[in-house]
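To start, the structure under review is shown below, and the notes come after it.
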Amino acid sequence: LLDIEHHIFPMLLSLCLNENQNVRKLGLSLIKKLKKQSSEDSGYHAIIKFLTANRSEIVSDLANLTGLLDKNKLESSDTSGSLQSLLQATTKCEPIVFETLVPFFTSLKSKEAVTLVADFGLKILPSAAHDSTLACVIKKFYKKIIKFMNEPKCYEFFVGCIKCNRVISVAGLYLKISDLMLDRATIKKLWSAVINSNGGGEPSAVVRKLLEDAVKLSAESGNVKLISMLSVLEIPVHMFVDCLVQVWGAEELKSKTRGGKSNFLGEDAGLDEKQLQIWGKSVFLLELLEACIPKELCDSGWQALVPPLFAVFRKLTNDDVMESSYKLNLVLTVLLKLLTIIPDNRIKELKQGDLEAELLTYCIRRSSNPESRQLALKVLARCSLTIPEYVLQNSMTIFTFMGTHLLKMDSKHSYQIACEAIDVIVPAMKSACTSKSDLQKISLDILNNFIHMEEDVPEHRYSEFVYRLIKALDAETYLWIAMLLCIKSTFKSKHRATRTNLIHRRLQDLMHRFSLQEALRGIIGILVNLRSDAAPLRKIFGCQQDRRENAEKADEWDVLRLGGLILLTKLVSSSDLATRVGTELVNQPEQIKDLLHLLLESSILTLEAFSALPETVPEKLKNSILEQGDKCLQLVLSLLPYKLYINIVSELLGASNVTLRRRAMEVVSSKLDPVEATGGGAGVDLAADAGQLLPALLQLAIKETLPENQQIAFLALRQIAKKVKDYGLLTNALATLNAKFLATLDHPGVLGAAILTITDILMAAGVQGVQYLDSLVKWLISAVQSLPQRKLEEKYCKVVYTSLLLSIQKITEKFGGFLNPYLDSIVMIACRLSSHPQAGARAQELWKSLAENLSPHVLLAKCKDLLEAAWKEPHTVAKLAGLVGLNSKKLERSQLTSMDAQLISFFSKALTYRQDKGGSTEAVETEAEVIEAFLLVGLKMCLDDFKPVFTKIVDKLRAGGVDPNLTTMFNFMERIAKSLKNLFGFGQEFVLTETITVLTRKECSDECAEAVLRCLSRVLVYNKISELPQNVYENLVSAILPLYQKSGDRLYQSVQDALLALADATENDVYWKHLNFCVLMELRNSEAEIRIQILKLVKRFVTSRRDTYMVVLPDAVPFLTEALEDDEQEVELECKDLIQHMETVFGQDIEAYFT
């Protein structure tokens, strides 16, 4: 047993580690006996000693073994021999024994032990029967095996594992043996000993051999995890080169053909088995290269790979290119990564023959995949550092192709690639030009090619693409040319108008990309060159050299002039350009001022040149050119700085050209408003500048013949007047624009603008303009009253109403003290027009302004007369009451008390509106609004002051004793009770007694009764009945219950609500029992519907009183018994529902009460 040459002891030891505790006991008993036989020199003595010493822990739980081994350090030099002997003996046993005893071996670190384990693994690797043990070997010893990869057995075992595709089960997962090993071998730290075994940082021969074996293995069965493992080995460049040479052969890589057959530039041919294997290895090397190439710039000799990779690129088949195969994309990706990390100076050292640039061009042309084309284009762009002449010679082909293929692909990535190619290729082409004329020629050729292919460019890519091209060529020289070429490209388009609009929008977006100086120079370039007619210009834009002398057919250069001017009007009118000019004038004032001055000069000279166009130019075209030139000049003027503009705008306002005058008037406020907002800064006198412009605008407002221009003149004058401080100028304007002048205006738009202008001038003049106030207000009121007779269109009617009412509002707010003679008319206008379909919104604003700004003392003195004037108009009465209420609300409580007589008089009269107008819907609505208006002011009083006011109004309503007034009285009290809630206790008794009086009247209408009941319900909700004589209470009940019989079903709900409120408010049990009994008596009414209503009321009593209702339940039982036997089924069903409800509420069965 103790002889290390035999393997009996390992088998015994495996029994000691058996899962069965009894077996472990027996095994350890044997070990204990062996201890007596073993000596210190025995090979297994240390192990036997360890097992004997820790027998109880091992028997108790096998999981303790690992901890015990770590604690006892069996791998020490004294005991490692025992473990080595045990390992050697174990490898001769069945593999399962090794798997059982592996905890003893994991601590072994010697090369001999690891080699022994690797050799054992090699023996069990071919058989699937021992996969569990093999997995154990890999998991426990992979680090040590990798460390000793220089040992043949370790290397052989490692390679054997990564070659093995057999599937095994590990922790419930099914994995390939190769994956099990490779998953653990991708940690760079594990390979440090292997990588540096030769010293000097040069990888060992093991790395080369491992790479070669991996390449061979890839041809049989690819495993992507191989790449992850190899990528951590720091494989040097020369090894990759050597592998490519081994795969293809040195001669084949130098050959310009594919294995003796033509390459993909010629006729295609299929691949044989040998070439398939070669490509399998090549793809593996390319994938590995992709993973190994650094991400940052690196000067470690990577350029040595460029020629062999281009040689591999040459071996692709035509199908690879046409179908954009994985091989093609992989080669291009690796080339791009490689050329990206290689420094520029190293790329320039490469030979033109090494780069095979024609293959890239062919790929760009023929590949169907945009990704492949993008990759090839990027590689070609990097190659331009070495072969700029080639790129120059083939640039037109490349870009023409891009126009027909690459740019059509609406891909963000495609455009990024194309733009990057421009940034590289265009400078390369420019650097190859030896003369200025050659540079201009090639630049124009490039520009023309791009402009001709612009139809292929998606809208959202155009701006970025062309911007990069022009910047690469030179924006100052070619921006204006590019814009005019774009305009000329629209001339022969099938849908010219749509195409032109698209070009304008594109060029506006493009101009935004350039700096302001570049944009202004581009606009100036167009203006300067359009007024010329030189042969070189005609040549640049492809126009015939000699002018066409035909008055019936336009010359192409003149058509281009018109197109260019139209484009300029779009560019110069852009709000973005104006904003940029204002901003840049602060940062670079001198440069921008010079450019603006030059721009204005160019605009004037160009317009003058167009005025002298030959007579052979068709008249319509000539007029269009002049019109657009004039418009362009106006737009340029709008860009001028403030001070420069102020100096010339007065002259422009007096120009004979109608369009020019209009444009000048339109931009007046646009220049002044920003200055006013910012304070103008030093040296700016805004008031003086505005005063300089006012006389000219005033004359235009009076004399302009076109309504549109006259309207603009008034609006411009309105803006200017607000900024003028010279009251002499303002009063002179008021004297000119008087009521007589307003009466001469017929056009609604002009009239509206004139009214607003005169009003604002009056506001600016202040006290100085009061002398013109009387005539103006009189005219405004007359105009409002007479406007319906003018029968204007709805849109014009609204404009005039708005202007008139806004004017009255502003004048009232500022000059209210001077308007007493017209106050009645103004108040009536505001109240009357508040419901007008066109004037309502503006009249409502005037109404609010009057409520806010009028003195309550003035309005209350007039309100009675105003009410009589408005009496026939319900809406006007309501708005007047609201105005009085809202206006009086401003008063203090003490002031309200002193004026209560006027308030009582007004609202008492207003509340009789129902009496005069009957119970119409309008009268009811008016009454409700009058009550709300009273509450606005009434609720501001203290309660003691409010009571007499309330009493007086109620007494006046009650005095007549007529039904409408009584209805109003109860509506009035109901709304006050709703607002005061429990504070209305002072009026409770009055409500109760008046309820009895009114309801017992023979002539009481249903409408009045409904108001009474609603008021009673509201009052009793918040106020309990505490001190009321019994006879009054009984009379109240007697007055309400008969309404079931008198009124029909209209008042059922109101009666029920009132009785319920009365029940809830009754705290006296005697009163409550009387009420309940009287209600129950109605169950004997002859009408079934009334009996049903009574049952519903009792149900609500039960809900409200809950279990306290049981006190009166005995009184109810006889009546309910009769109802259960009622002849009408509906009554019987309603009674049953009531009884069921009682049981639910009481929480008990009440059947005993009925037996």
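Order determines the names: the first chain of the structure tokens is A, the second B, and so forth; residues in each chain are numbered 1 upward, and ligands are numbered 1 upward as they are shown.
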
> Near Tyr913 (chain A), counting only C-alpha atoms, which residues have an atom at most 10 Å away, once you skip same-chain residues fewer than 5 positions from it, shown as a ChimeraX atom specification?
Replying inline: /A:871-872,874,877,908,918-919,923-924,926-927,930,964-965,968

Print the selection's residues with N, CA and C atoms to a file, as a PDB file, in the first residue's frame.
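The new file out_32.pdb reads:
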```pdb
ATOM      1  N   TRP A 871     -82.584 100.009 -20.583  1.00  0.00           N
ATOM      2  CA  TRP A 871     -83.594  99.102 -20.045  1.00  0.00           C
ATOM      3  C   TRP A 871     -84.112  98.090 -21.071  1.00  0.00           C
ATOM      4  N   LYS A 872     -84.150  98.459 -22.309  1.00  0.00           N
ATOM      5  CA  LYS A 872     -84.702  97.570 -23.340  1.00  0.00           C
ATOM      6  C   LYS A 872     -83.681  96.545 -23.854  1.00  0.00           C
ATOM      7  N   PRO A 874     -81.370  93.630 -22.541  1.00  0.00           N
ATOM      8  CA  PRO A 874     -81.015  92.798 -21.373  1.00  0.00           C
ATOM      9  C   PRO A 874     -79.515  92.676 -21.147  1.00  0.00           C
ATOM     10  N   VAL A 877     -78.092  95.884 -19.772  1.00  0.00           N
ATOM     11  CA  VAL A 877     -78.447  96.062 -18.369  1.00  0.00           C
ATOM     12  C   VAL A 877     -77.530  95.221 -17.478  1.00  0.00           C
ATOM     13  N   SER A 908     -82.221  98.078  -6.665  1.00  0.00           N
ATOM     14  CA  SER A 908     -83.658  97.815  -6.504  1.00  0.00           C
ATOM     15  C   SER A 908     -84.373  97.948  -7.837  1.00  0.00           C
ATOM     16  N   GLY A 918     -90.912  89.953 -17.914  1.00  0.00           N
ATOM     17  CA  GLY A 918     -91.446  88.600 -17.810  1.00  0.00           C
ATOM     18  C   GLY A 918     -90.357  87.589 -17.521  1.00  0.00           C
ATOM     19  N   GLY A 919     -90.739  86.330 -17.628  1.00  0.00           N
ATOM     20  CA  GLY A 919     -89.796  85.261 -17.276  1.00  0.00           C
ATOM     21  C   GLY A 919     -89.022  84.709 -18.447  1.00  0.00           C
ATOM     22  N   ALA A 923     -84.337  87.647 -19.556  1.00  0.00           N
ATOM     23  CA  ALA A 923     -84.632  88.323 -18.300  1.00  0.00           C
ATOM     24  C   ALA A 923     -84.053  87.560 -17.115  1.00  0.00           C
ATOM     25  N   VAL A 924     -84.191  86.235 -17.143  1.00  0.00           N
ATOM     26  CA  VAL A 924     -83.660  85.403 -16.055  1.00  0.00           C
ATOM     27  C   VAL A 924     -82.137  85.548 -15.971  1.00  0.00           C
ATOM     28  N   THR A 926     -80.334  88.040 -17.095  1.00  0.00           N
ATOM     29  CA  THR A 926     -80.005  89.409 -16.666  1.00  0.00           C
ATOM     30  C   THR A 926     -80.163  89.541 -15.160  1.00  0.00           C
ATOM     31  N   GLU A 927     -81.274  88.999 -14.625  1.00  0.00           N
ATOM     32  CA  GLU A 927     -81.502  89.053 -13.180  1.00  0.00           C
ATOM     33  C   GLU A 927     -80.351  88.393 -12.419  1.00  0.00           C
ATOM     34  N   VAL A 930     -77.348  90.642 -12.462  1.00  0.00           N
ATOM     35  CA  VAL A 930     -77.545  91.797 -11.582  1.00  0.00           C
ATOM     36  C   VAL A 930     -77.292  91.389 -10.131  1.00  0.00           C
ATOM     37  N   PRO A 964     -93.607  88.146 -10.097  1.00  0.00           N
ATOM     38  CA  PRO A 964     -92.229  88.260 -10.598  1.00  0.00           C
ATOM     39  C   PRO A 964     -91.282  88.855  -9.570  1.00  0.00           C
ATOM     40  N   ASN A 965     -91.758  89.901  -8.862  1.00  0.00           N
ATOM     41  CA  ASN A 965     -90.883  90.508  -7.859  1.00  0.00           C
ATOM     42  C   ASN A 965     -90.586  89.554  -6.713  1.00  0.00           C
ATOM     43  N   THR A 968     -87.999  87.151  -7.882  1.00  0.00           N
ATOM     44  CA  THR A 968     -86.678  87.797  -7.833  1.00  0.00           C
ATOM     45  C   THR A 968     -86.176  87.892  -6.402  1.00  0.00           C
TER      46      THR A 968
END
```

>> So that I can see what lies close to region 280-283 of chain A, please list as a VMD selection string the residues with an atom at most 8 Å from it, counting only C-alpha atoms and leaving out residues fewer than 2 positions away in the same chain.
In response: chain A and resid 215 to 216 218 to 219 244 247 276 to 278 285 to 287 327 330

Saved selection, atoms kept: all heavy atoms, as a compact mmCIF listing (two decimals), in the first residue's frame:
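Now in out23.txt:
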```txt
# COMPACT_ATOMS: atom_id res chain seq x y z
N VAL A 215 -3.43 29.63 -37.40
CA VAL A 215 -3.76 29.88 -38.81
C VAL A 215 -4.15 28.58 -39.50
O VAL A 215 -5.14 28.53 -40.25
CB VAL A 215 -2.59 30.56 -39.53
CG1 VAL A 215 -2.85 30.63 -41.02
CG2 VAL A 215 -2.35 31.95 -38.96
N LYS A 216 -3.40 27.53 -39.21
CA LYS A 216 -3.74 26.23 -39.80
C LYS A 216 -5.10 25.74 -39.29
O LYS A 216 -5.90 25.22 -40.05
CB LYS A 216 -2.66 25.20 -39.44
CG LYS A 216 -1.31 25.48 -40.08
CD LYS A 216 -0.26 24.47 -39.59
CE LYS A 216 1.12 24.81 -40.14
NZ LYS A 216 2.15 23.87 -39.61
N SER A 218 -7.55 27.56 -38.33
CA SER A 218 -8.65 28.38 -38.87
C SER A 218 -9.13 27.85 -40.21
O SER A 218 -10.30 28.05 -40.57
CB SER A 218 -8.18 29.83 -39.02
OG SER A 218 -7.17 29.93 -40.03
N ALA A 219 -8.27 27.19 -40.95
CA ALA A 219 -8.68 26.64 -42.24
C ALA A 219 -9.59 25.44 -42.06
O ALA A 219 -10.38 25.11 -42.95
CB ALA A 219 -7.45 26.25 -43.07
N LEU A 244 1.38 35.85 -43.75
CA LEU A 244 0.74 36.12 -45.05
C LEU A 244 1.57 35.52 -46.18
O LEU A 244 1.02 34.97 -47.15
CB LEU A 244 0.57 37.63 -45.25
CG LEU A 244 -0.54 38.30 -44.44
CD1 LEU A 244 -0.46 39.81 -44.57
CD2 LEU A 244 -1.90 37.80 -44.91
N VAL A 247 1.03 31.78 -46.15
CA VAL A 247 -0.30 31.40 -46.66
C VAL A 247 -0.36 31.50 -48.17
O VAL A 247 -0.84 30.59 -48.86
CB VAL A 247 -1.39 32.29 -46.01
CG1 VAL A 247 -2.73 32.09 -46.69
CG2 VAL A 247 -1.51 31.97 -44.52
N LEU A 276 -9.72 28.19 -51.52
CA LEU A 276 -10.67 28.37 -50.43
C LEU A 276 -9.98 28.25 -49.08
O LEU A 276 -10.27 29.01 -48.14
CB LEU A 276 -11.80 27.35 -50.55
CG LEU A 276 -12.83 27.60 -51.66
CD1 LEU A 276 -13.81 26.44 -51.75
CD2 LEU A 276 -13.59 28.90 -51.41
N GLN A 277 -9.06 27.28 -48.99
CA GLN A 277 -8.30 27.13 -47.75
C GLN A 277 -7.40 28.33 -47.50
O GLN A 277 -7.28 28.83 -46.37
CB GLN A 277 -7.46 25.86 -47.80
CG GLN A 277 -8.28 24.58 -47.71
CD GLN A 277 -7.39 23.35 -47.61
OE1 GLN A 277 -6.18 23.44 -47.70
NE2 GLN A 277 -8.02 22.19 -47.45
N ILE A 278 -6.78 28.83 -48.58
CA ILE A 278 -5.92 30.01 -48.44
C ILE A 278 -6.73 31.20 -47.95
O ILE A 278 -6.31 31.94 -47.05
CB ILE A 278 -5.24 30.33 -49.80
CG1 ILE A 278 -4.20 29.24 -50.13
CG2 ILE A 278 -4.60 31.72 -49.77
CD1 ILE A 278 -3.60 29.38 -51.51
N LEU A 285 -6.34 35.75 -40.47
CA LEU A 285 -5.26 36.69 -40.20
C LEU A 285 -5.76 38.13 -40.24
O LEU A 285 -5.36 38.97 -39.42
CB LEU A 285 -4.14 36.50 -41.22
CG LEU A 285 -3.19 35.32 -40.96
CD1 LEU A 285 -2.27 35.10 -42.15
CD2 LEU A 285 -2.36 35.58 -39.70
N LEU A 286 -6.68 38.42 -41.17
CA LEU A 286 -7.23 39.78 -41.27
C LEU A 286 -8.06 40.12 -40.04
O LEU A 286 -8.00 41.23 -39.50
CB LEU A 286 -8.07 39.92 -42.54
CG LEU A 286 -7.28 39.90 -43.86
CD1 LEU A 286 -8.23 39.77 -45.04
CD2 LEU A 286 -6.45 41.16 -44.01
N GLU A 287 -8.86 39.16 -39.59
CA GLU A 287 -9.67 39.39 -38.39
C GLU A 287 -8.77 39.60 -37.17
O GLU A 287 -9.04 40.44 -36.31
CB GLU A 287 -10.61 38.22 -38.15
CG GLU A 287 -11.74 38.14 -39.18
CD GLU A 287 -12.58 36.88 -39.01
OE1 GLU A 287 -12.06 35.93 -38.38
OE2 GLU A 287 -13.70 36.85 -39.51
N LYS A 327 -15.10 39.38 -47.27
CA LYS A 327 -13.64 39.48 -47.48
C LYS A 327 -13.26 40.90 -47.91
O LYS A 327 -12.27 41.47 -47.42
CB LYS A 327 -13.19 38.46 -48.53
CG LYS A 327 -13.30 37.01 -48.07
CD LYS A 327 -12.75 36.05 -49.11
CE LYS A 327 -13.70 35.95 -50.30
NZ LYS A 327 -13.26 34.93 -51.26
N LEU A 330 -13.58 43.30 -45.05
CA LEU A 330 -12.57 43.02 -44.04
C LEU A 330 -11.21 43.58 -44.47
O LEU A 330 -10.51 44.22 -43.68
CB LEU A 330 -12.48 41.51 -43.80
CG LEU A 330 -11.55 41.06 -42.67
CD1 LEU A 330 -11.97 41.67 -41.35
CD2 LEU A 330 -11.57 39.52 -42.57
```

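Within 9 Å of region 759-772 of chain A there are Leu717, Arg718, Gln719, Ala721, Lys722, Lys723, Val724, Lys725, Asp726, Tyr727, Gly728, Leu730, Thr731, Ala733, Leu734, Ala735, Asn738, Leu806, Ser807, Ile808, Lys810, Ile811, Lys814, Phe815 and Phe818 of chain A, counting only C-alpha atoms and ignoring same-chain residues fewer than 6 positions away.
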
Hey, what's within 12 Å of Asn529 (chain A) if we count only C-alpha atoms and toss same-chain stuff fewer than 4 positions away? As a PDB file with C-alpha atoms, in the first residue's frame, please?
```pdb
ATOM      1  CA  TRP A 480     -20.205  83.496 -55.627  1.00  0.00           C
ATOM      2  CA  ILE A 481     -19.356  81.281 -58.611  1.00  0.00           C
ATOM      3  CA  LEU A 484     -24.514  81.350 -59.716  1.00  0.00           C
ATOM      4  CA  ARG A 521     -18.028  88.938 -49.968  1.00  0.00           C
ATOM      5  CA  GLY A 522     -20.030  86.263 -51.779  1.00  0.00           C
ATOM      6  CA  ILE A 523     -23.012  88.650 -52.158  1.00  0.00           C
ATOM      7  CA  ILE A 524     -20.696  91.466 -53.309  1.00  0.00           C
ATOM      8  CA  GLY A 525     -19.064  89.094 -55.805  1.00  0.00           C
ATOM      9  CA  ASP A 533     -20.707  91.260 -69.573  1.00  0.00           C
ATOM     10  CA  ALA A 534     -17.155  90.059 -70.163  1.00  0.00           C
ATOM     11  CA  ALA A 535     -16.303  86.989 -72.241  1.00  0.00           C
ATOM     12  CA  PRO A 536     -14.359  85.239 -69.410  1.00  0.00           C
ATOM     13  CA  LEU A 537     -17.456  85.433 -67.209  1.00  0.00           C
ATOM     14  CA  ARG A 538     -19.629  83.993 -69.949  1.00  0.00           C
ATOM     15  CA  ILE A 540     -17.092  80.353 -66.646  1.00  0.00           C
ATOM     16  CA  PHE A 541     -20.851  79.863 -66.664  1.00  0.00           C
ATOM     17  CA  TRP A 557     -26.421  85.771 -69.435  1.00  0.00           C
ATOM     18  CA  LEU A 560     -28.654  84.411 -65.216  1.00  0.00           C
ATOM     19  CA  ARG A 561     -28.530  88.045 -64.062  1.00  0.00           C
ATOM     20  CA  GLY A 564     -28.802  85.942 -59.440  1.00  0.00           C
ATOM     21  CA  LEU A 565     -30.729  89.042 -58.344  1.00  0.00           C
ATOM     22  CA  SER A 602     -22.159  97.660 -55.449  1.00  0.00           C
ATOM     23  CA  SER A 603     -25.965  97.609 -55.182  1.00  0.00           C
ATOM     24  CA  LEU A 605     -23.770 100.688 -59.308  1.00  0.00           C
ATOM     25  CA  THR A 606     -25.397  97.424 -60.336  1.00  0.00           C
ATOM     26  CA  ALA A 609     -25.801  99.434 -64.910  1.00  0.00           C
TER      27      ALA A 609
END
```

> Which polymer residues have any atom within 10 Å of an atom of Leu68 (chain A), counting only C-alpha atoms, with same-chain residues fewer than 4 positions away left out, as a ChimeraX atom specification?
Replying inline: /A:50-51,54,57-58,63-64,72-74

>> What parts of region 130-375 of chain A does DSSP call strand (DSSP E or B)? I'd like the answer as a list in words.
In response: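 DSSP on the backbone gives strand (DSSP E or B) at Val167, Ile168, Ser169, Val170, Leu173, Tyr174, Leu175, Lys176, Arg258 and Lys261 of chain A.
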